[in-house]
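**Q** Pasting coords_4.cif below, which is mmCIF, C-alpha atoms.
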data_data
loop_
_atom_site.label_atom_id
_atom_site.label_comp_id
_atom_site.auth_asym_id
_atom_site.auth_seq_id
_atom_site.Cartn_x
_atom_site.Cartn_y
_atom_site.Cartn_z
CA MET A 418 16.49 -144.72 -61.00
CA ASP A 419 12.85 -145.09 -60.08
CA GLU A 420 9.78 -145.20 -62.26
CA ASN A 421 9.18 -141.48 -61.85
CA GLU A 422 12.42 -140.71 -63.69
CA THR A 423 12.11 -142.94 -66.73
CA GLU A 424 11.01 -140.02 -68.90
CA ASN A 425 13.32 -137.18 -69.95
CA GLU A 426 11.11 -134.66 -68.22
CA VAL A 427 9.18 -135.17 -65.00
CA SER A 428 6.18 -133.14 -63.94
CA ILE A 429 6.71 -131.61 -60.53
CA ALA A 430 3.77 -131.92 -58.15
CA GLU A 431 1.48 -133.65 -60.64
CA GLN A 432 -1.42 -133.75 -58.21
CA GLU A 433 -0.48 -130.76 -56.07
CA HIS A 434 -3.27 -128.52 -54.89
CA ALA A 435 -4.44 -126.89 -51.70
CA PRO A 436 -6.73 -128.99 -49.47
CA ALA A 437 -10.30 -129.01 -50.67
CA THR A 438 -11.61 -126.84 -47.85
CA ALA A 439 -8.61 -124.51 -47.86
CA PRO A 440 -8.55 -121.40 -50.06
CA PRO A 441 -7.06 -121.72 -53.52
CA ALA A 442 -4.88 -121.80 -52.18
CA ALA A 443 14.88 -130.74 -26.80
CA THR A 444 15.97 -128.06 -29.23
CA ALA A 445 19.18 -128.34 -31.21
CA ALA A 446 21.08 -125.30 -32.39
CA PRO A 447 20.19 -124.21 -35.94
CA GLU A 448 22.63 -125.04 -38.70
CA ASP A 449 24.81 -121.98 -38.13
CA ALA A 450 27.96 -123.90 -37.26
CA ARG A 451 28.25 -125.75 -40.55
CA PRO A 452 31.36 -127.58 -41.79
CA VAL A 453 33.45 -125.75 -44.38
CA THR A 454 31.99 -126.35 -47.82
CA PHE A 455 32.40 -125.08 -51.36
CA GLU A 456 30.06 -122.10 -51.87
CA ARG A 457 28.52 -121.63 -55.28
CA SER A 458 29.30 -118.23 -56.77
CA LEU A 459 27.46 -116.95 -59.83
CA ILE A 460 30.35 -118.09 -62.05
CA ALA A 461 30.35 -121.53 -60.43
CA GLU A 462 26.61 -121.85 -61.04
CA TRP A 463 27.07 -121.20 -64.74
CA VAL A 464 30.11 -123.50 -65.01
CA VAL A 465 28.23 -126.38 -63.39
CA THR A 466 25.17 -125.66 -65.51
CA ILE A 467 27.16 -125.74 -68.74
CA ILE A 468 28.89 -128.98 -67.71
CA PHE A 469 25.53 -130.59 -66.99
CA LEU A 470 24.06 -129.35 -70.28
CA LEU A 471 26.98 -130.80 -72.23
CA PHE A 472 27.63 -134.03 -70.37
CA GLY A 473 24.89 -134.57 -67.82
CA THR A 474 22.64 -137.60 -67.64
CA THR A 475 19.69 -138.32 -65.39
CA THR A 476 22.28 -139.32 -62.79
CA LEU A 477 23.49 -135.72 -62.60
CA VAL A 478 20.68 -133.54 -63.86
CA GLN A 479 16.98 -134.04 -64.54
CA ALA A 480 14.45 -131.98 -66.45
CA TYR A 481 11.21 -131.07 -64.69
CA VAL A 482 8.17 -128.98 -65.52
CA ILE A 483 6.12 -126.87 -63.09
CA PRO A 484 2.38 -127.59 -63.58
CA THR A 485 0.91 -125.74 -60.56
CA GLY A 486 1.07 -122.26 -59.08
CA SER A 487 2.26 -123.11 -55.58
CA MET A 488 5.65 -121.40 -56.13
CA GLU A 489 4.39 -118.25 -57.81
CA ASN A 490 5.84 -115.81 -58.45
CA SER A 491 9.28 -117.39 -58.15
CA LEU A 492 8.41 -120.30 -60.46
CA LEU A 493 5.48 -120.13 -62.84
CA VAL A 494 3.21 -122.75 -64.34
CA GLY A 495 5.01 -123.81 -67.53
CA ASP A 496 8.57 -123.22 -66.31
CA HIS A 497 10.81 -126.09 -67.44
CA LEU A 498 13.70 -126.64 -65.06
CA LEU A 499 17.02 -128.41 -64.96
CA VAL A 500 17.61 -129.82 -61.48
CA ASP A 501 21.07 -130.53 -60.06
CA LYS A 502 20.75 -133.93 -58.39
CA LEU A 503 24.25 -133.80 -56.87
CA ALA A 504 23.89 -130.36 -55.25
CA TYR A 505 23.40 -131.75 -51.76
CA ALA A 506 25.58 -134.84 -52.07
CA PRO A 507 27.24 -135.79 -48.76
CA SER A 508 30.90 -134.96 -48.26
CA GLY A 509 33.17 -137.76 -49.33
CA GLY A 510 30.79 -138.86 -52.08
CA PRO A 511 31.81 -139.44 -55.71
CA GLY A 512 33.48 -136.35 -57.16
CA TRP A 513 33.05 -134.34 -53.98
CA HIS A 514 36.33 -132.46 -54.55
CA LEU A 515 35.50 -131.71 -58.19
CA LEU A 516 32.03 -130.15 -57.93
CA PRO A 517 30.90 -127.27 -55.67
CA TYR A 518 28.46 -129.06 -53.37
CA ASP A 519 26.08 -127.17 -51.10
CA THR A 520 24.68 -127.71 -47.65
CA LEU A 521 20.93 -127.47 -47.22
CA GLN A 522 20.17 -123.95 -46.10
CA ARG A 523 17.05 -122.03 -45.21
CA GLY A 524 15.72 -120.18 -48.23
CA ASP A 525 16.93 -122.74 -50.80
CA ILE A 526 14.45 -123.92 -53.40
CA ILE A 527 14.49 -127.71 -53.28
CA VAL A 528 13.04 -130.60 -55.28
CA PHE A 529 11.94 -133.64 -53.30
CA ARG A 530 9.75 -136.70 -53.29
CA TYR A 531 6.35 -135.94 -51.77
CA PRO A 532 6.40 -137.73 -48.37
CA VAL A 533 2.76 -138.85 -48.68
CA ASP A 534 3.35 -140.36 -52.15
CA ILE A 535 6.98 -140.65 -53.23
CA LYS A 536 5.93 -141.24 -56.84
CA GLN A 537 5.17 -137.52 -56.95
CA THR A 538 7.80 -134.82 -57.03
CA PHE A 539 7.36 -131.42 -55.38
CA VAL A 540 9.28 -128.17 -55.47
CA LYS A 541 9.15 -125.84 -52.44
CA ARG A 542 11.28 -123.41 -50.49
CA LEU A 543 13.23 -124.78 -47.53
CA ILE A 544 12.08 -122.82 -44.49
CA GLY A 545 13.28 -124.85 -41.50
CA VAL A 546 16.29 -127.08 -40.84
CA PRO A 547 16.74 -129.45 -37.89
CA GLY A 548 16.38 -127.59 -34.60
CA ASP A 549 14.48 -124.61 -36.00
CA HIS A 550 11.35 -123.25 -34.33
CA ILE A 551 8.65 -122.18 -36.81
CA ARG A 552 5.29 -120.50 -36.57
CA LEU A 553 3.07 -118.23 -38.64
CA GLN A 554 1.19 -115.31 -37.13
CA ASP A 555 -1.37 -113.69 -39.43
CA LYS A 556 0.66 -114.89 -42.45
CA GLN A 557 3.97 -113.57 -41.02
CA LEU A 558 6.71 -116.19 -40.72
CA ILE A 559 8.37 -116.26 -37.29
CA LEU A 560 11.64 -118.23 -37.43
CA ASN A 561 13.49 -118.97 -34.21
CA GLY A 562 11.58 -116.22 -32.44
CA LYS A 563 12.17 -113.49 -35.04
CA PRO A 564 9.92 -112.19 -37.85
CA VAL A 565 11.46 -112.98 -41.23
CA THR A 566 11.47 -110.77 -44.32
CA GLU A 567 10.36 -112.87 -47.30
CA PRO A 568 10.38 -110.81 -50.51
CA TYR A 569 9.47 -113.90 -52.53
CA ALA A 570 6.31 -114.77 -50.55
CA TYR A 571 3.03 -114.18 -52.38
CA HIS A 572 -0.42 -113.94 -50.76
CA SER A 573 -3.39 -114.26 -53.09
CA THR A 574 -6.03 -113.73 -50.37
CA GLU A 575 -6.42 -111.04 -47.73
CA TYR A 576 -8.42 -112.92 -45.12
CA ILE A 577 -6.78 -114.93 -42.33
CA ASP A 578 -7.30 -118.70 -42.23
CA SER A 579 -7.14 -120.10 -38.70
CA PHE A 580 -4.77 -122.94 -39.62
CA ARG A 581 -2.97 -121.91 -42.77
CA ASP A 582 -2.04 -118.41 -41.59
CA ASN A 583 -1.76 -118.99 -37.81
CA PHE A 584 0.32 -122.13 -37.74
CA PRO A 585 0.60 -124.45 -35.86
CA ASN A 586 -3.02 -124.59 -34.83
CA ALA A 587 -5.92 -127.03 -34.85
CA PRO A 588 -6.30 -128.11 -38.50
CA ASN A 589 -9.55 -127.16 -40.21
CA VAL A 590 -9.01 -129.68 -43.02
CA TYR A 591 -7.97 -133.32 -43.17
CA VAL A 592 -4.25 -133.82 -42.67
CA PRO A 593 -2.39 -137.14 -43.14
CA PRO A 594 -0.85 -139.06 -40.21
CA ALA A 595 2.60 -137.48 -40.60
CA ALA A 596 1.11 -134.01 -40.16
CA THR A 597 -0.92 -135.18 -37.17
CA ASP A 598 2.28 -136.55 -35.61
CA MET A 599 4.04 -133.23 -36.26
CA LEU A 600 1.26 -131.25 -34.58
CA ARG A 601 1.03 -133.62 -31.60
CA ASN A 602 4.67 -134.44 -30.92
CA HIS A 603 6.80 -131.67 -32.43
CA VAL A 604 5.17 -128.49 -31.13
CA ALA A 605 6.64 -126.59 -28.17
CA ASN A 606 5.37 -123.24 -26.87
CA GLY A 607 3.19 -122.77 -29.93
CA GLU A 608 5.98 -123.44 -32.43
CA VAL A 609 6.84 -126.41 -34.63
CA VAL A 610 10.29 -127.74 -33.78
CA VAL A 611 12.01 -129.45 -36.71
CA PRO A 612 13.46 -132.82 -35.62
CA PRO A 613 16.84 -134.24 -36.67
CA ASN A 614 17.14 -135.38 -40.30
CA ASP A 615 13.91 -133.61 -41.27
CA TYR A 616 13.12 -130.31 -42.97
CA PHE A 617 10.16 -127.93 -43.19
CA ALA A 618 9.18 -126.61 -46.63
CA MET A 619 6.55 -124.17 -47.89
CA GLY A 620 5.44 -122.85 -51.26
CA ASP A 621 6.04 -119.19 -52.07
CA ASN A 622 2.35 -118.85 -52.97
CA ARG A 623 1.45 -119.20 -49.31
CA ASP A 624 -2.33 -119.14 -49.75
CA TYR A 625 -2.35 -121.87 -52.41
CA SER A 626 0.28 -124.40 -51.48
CA LEU A 627 0.07 -127.95 -50.22
CA ASP A 628 3.20 -128.00 -48.08
CA SER A 629 4.66 -128.99 -44.70
CA ARG A 630 1.82 -127.24 -42.89
CA TYR A 631 -0.53 -129.87 -44.33
CA TRP A 632 1.57 -133.04 -44.63
CA GLY A 633 4.50 -132.66 -42.21
CA PHE A 634 8.27 -132.72 -42.54
CA VAL A 635 10.43 -133.60 -45.54
CA PRO A 636 12.82 -136.45 -44.66
CA ARG A 637 16.41 -135.81 -45.74
CA GLU A 638 16.41 -138.91 -47.92
CA ASN A 639 13.48 -137.53 -49.94
CA ILE A 640 15.41 -134.50 -51.17
CA ILE A 641 16.47 -134.93 -54.79
CA GLY A 642 18.34 -131.71 -55.48
CA LYS A 643 18.00 -128.05 -56.34
CA PRO A 644 16.87 -126.32 -59.56
CA LEU A 645 19.71 -124.86 -61.60
CA LEU A 646 17.91 -122.80 -64.21
CA ILE A 647 14.77 -122.36 -66.27
CA TYR A 648 15.75 -123.62 -69.71
CA TRP A 649 12.33 -122.86 -71.22
CA SER A 650 9.12 -121.26 -69.99
CA TYR A 651 5.86 -121.78 -71.85
CA ASN A 652 2.54 -120.15 -71.01
CA ALA A 653 0.35 -123.24 -70.62
CA ASN A 654 -2.25 -124.22 -68.04
CA THR A 655 -2.09 -126.77 -65.25
CA ALA A 656 -4.38 -129.29 -66.97
CA GLU A 657 -2.13 -129.44 -70.05
CA LEU A 658 1.10 -129.74 -68.11
CA SER A 659 -0.26 -132.41 -65.77
CA ASP A 660 -1.16 -134.63 -68.71
CA GLN A 661 1.47 -137.37 -68.76
CA ALA A 662 0.42 -138.32 -72.26
CA LEU A 663 1.14 -134.74 -73.46
CA GLY A 664 -2.08 -134.61 -75.49
CA VAL A 665 -2.38 -133.71 -79.13
CA HIS A 666 -4.01 -130.38 -78.30
CA HIS A 667 -0.99 -129.32 -76.24
CA LEU A 668 1.45 -130.41 -78.96
CA VAL A 669 -0.46 -128.46 -81.60
CA ASP A 670 -0.63 -125.47 -79.29
CA MET A 671 3.15 -125.53 -78.83
CA LEU A 672 3.79 -125.83 -82.55
CA VAL A 673 1.46 -122.97 -83.42
CA HIS A 674 2.14 -120.62 -80.53
CA PHE A 675 5.76 -121.40 -79.64
CA PRO A 676 7.09 -117.89 -80.46
CA THR A 677 4.27 -115.98 -78.76
CA LYS A 678 3.64 -118.16 -75.69
CA THR A 679 7.27 -118.75 -74.83
CA ARG A 680 8.29 -116.47 -71.98
CA TRP A 681 11.57 -115.41 -73.52
CA ASP A 682 12.52 -113.23 -70.57
CA ARG A 683 12.62 -116.32 -68.33
CA THR A 684 14.69 -118.49 -70.68
CA PHE A 685 18.04 -119.55 -69.19
CA ARG A 686 17.27 -117.74 -65.95
CA LEU A 687 19.31 -119.05 -63.03
CA ILE A 688 17.30 -120.10 -59.98
CA ARG A 689 18.76 -118.91 -56.73
CA GLY A 690 17.60 -119.17 -53.12
CA TYR A 691 17.12 -116.34 -50.68
CA PRO A 692 19.04 -116.72 -47.40
CA LEU A 693 16.84 -116.72 -44.30
CA GLN A 694 18.30 -115.79 -40.95
#
Show me, as structure tokens, the structure contained in the file I just sent.
**A**
Amino acid sequence: MDENETENEVSIAEQEHAPATAPPAATAAPEDARPVTFERSLIAEWVVTIIFLLFGTTTLVQAYVIPTGSMENSLLVGDHLLVDKLAYAPSGGPGWHLLPYDTLQRGDIIVFRYPVDIKQTFVKRLIGVPGDHIRLQDKQLILNGKPVTEPYAYHSTEYIDSFRDNFPNAPNVYVPPAATDMLRNHVANGEVVVPPNDYFAMGDNRDYSLDSRYWGFVPRENIIGKPLLIYWSYNANTAELSDQALGVHHLVDMLVHFPTKTRWDRTFRLIRGYPLQ
């Protein structure tokens, strides 16, 4: 267990924001021929969730809070999540025959250590797996040469940004070395090609998300797990939820406004991915 998991609840993407000048904002076959795995049905999701709630520890499940809007409207600021840390365990691992493990698939919502600073934890949607070709054309995702329907994607601005919305392109903001390497060495015919053991992730709030477009690929070893459910959702702002000290003002606010600011309709909502083809 690392220092970022010593508390019962970890703040996802503590420092996450869009870049300052951005608006608020040899090809392998895709993973179609996957080994046979246990698929999680709705019943299985609930069974695993209940087991984790009753018996789980930070080895199995971890509580996280969403402090930024990069995954709106799928996950909101103030959503408190339980994350299954064994969801993507490799076959043959401890208890592999007892729990319904998943393979990483496009459209999954994943929790991972931010590649630029692994002390931070991000949540994004998995868009590309090894071998995938990815580009954006006027905000439209093109995956392996085909436009993709993304009912979860949210665009808060109407104008087209030359880099953000027509990707890959020459960056108009600073990008770290990993992103520079991606743009120089992993682009073919105007598309990013995801290399082995790496993944490409983006926020659902496409115009206000610091994601793989800006910092590069997510290494497989950085992926922690997948969110199981929202166990509580509280209407608070980013500043309050990013405060590791959980200030007195926020505590008083929760005590006074718990019934009215709790989003009851989101409580115990299962979090499910959306399959991308």
**Q** Which residues would end up in the selection if the PyMOL selection byres ((chain A and resi 566) around 12) were applied here, given that I need the answer as a PyMOL selection string?
**A** chain A and resi 524+556-560+563-565+567-570+691-694
**Q** Convert the output of the PyMOL selection byres ((chain A and resi 685-690) around 10) on the shown file into explicit residues, formatted as a count of residues only.
**A** 34
**Q** Nearest to His550 in chain A: which of A:Leu627, A:Val611, A:Met488, A:Val635 is it, counting all atoms listed in the file?
**A**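 Closest to His550 in chain A of all the choices is A:Val611.
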**Q** Figure out the distance between CA of Tyr505 in chain A and CA of Gln479 in chain A, please, to one decimal in Å.
**A** 14.5 Å
**Q** Can you tell me which residues surround Asp549 in chain A at a distance of at most 7 Å, considering all atoms listed in the file, apart from same-chain residues fewer than 2 positions away, and format the answer as JSON, numbers by chain?
**A** {"A": [447, 545, 546, 547, 551, 561, 610, 611]}
**Q** Kindly indicate which residue among A:Thr574, A:Asn639, A:Thr538, A:Asn490 lies nearest to Asn614 in chain A, using all atoms listed in the file for the distances.
**A**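 Once distances to Asn614 in chain A are computed over all atoms listed in the file, the minimum belongs to A:Asn639.
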**Q** Go ahead and compute the interatomic distance for CA of Ile577 in chain A and CA of Tyr631 in chain A, in Å to one decimal.
**A**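 Between CA of Ile577 in chain A and CA of Tyr631 in chain A the gap works out to 16.3 Å.
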**Q** Between A:Ile641, A:Val528, A:Leu553, A:Val590, single out the one closest to Gly607 in chain A, counting all atoms listed in the file.
**A**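 Among A:Ile641, A:Val528, A:Leu553, A:Val590, it is A:Leu553 that comes nearest to Gly607 in chain A.
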**Q** Which of these residues is nearest to Pro636 in chain A, using only C-alpha atoms: A:Arg601, A:Arg530, A:Lys502, A:His674?
**A**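 Ranked by minimum distance to Pro636 in chain A, first place goes to A:Arg530.
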**Q** Counting only C-alpha atoms, find the residues whose atoms lie at most 12 Å from (2.3, -121.4, -59.3) (file coordinates) and write them out as JSON, numbers by chain.
**A** {"A": [429, 430, 433, 434, 435, 441, 442, 482, 483, 484, 485, 486, 487, 488, 489, 490, 491, 492, 493, 494, 495, 496, 539, 540, 541, 570, 571, 572, 573, 620, 621, 622, 623, 624, 625, 626, 627, 652, 653, 654, 655]}
**Q** One number please: CA of Asp555 in chain A to CA of Ala596 in chain A, in Å, one decimal.
**A** 20.5 Å
**Q** Between A:Thr520, A:Leu600, A:Glu575, A:Tyr616, which one has atoms that come closest to Ala587 in chain A, using all atoms listed in the file?
**A**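 Smallest separation from Ala587 in chain A among the options: A:Leu600.
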**Q** Can you tell me, as JSON, the centre and edge lengths (Å, one decimal) of the axis-aligned box enclosing all of range 600-607 of chain A's listed atoms after padding each side by 8 Å?
**A**
{"center_x": 3.9, "center_y": -128.6, "center_z": -30.7, "size_x": 21.8, "size_y": 27.7, "size_z": 23.7}
**Q** Using all atoms listed in the file, which of the listed residues (A:Ile544, A:Ala656, A:Tyr651, A:Pro585) sits closest to Met671 in chain A?
**A**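 Closest candidate: A:Tyr651.
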**Q** Any chance you could work out the residue set of the PyMOL selection byres ((chain A and resi 632) around 9) here, as a list in words?
**A**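 Selected by the PyMOL selection byres ((chain A and resi 632) around 9) here: Pro532, Val533, Val592, Pro593, Pro594, Ala595, Ala596, Thr597, Met599, Leu627, Asp628, Ser629, Arg630, Tyr631, Gly633, Phe634 and Val635 of chain A.
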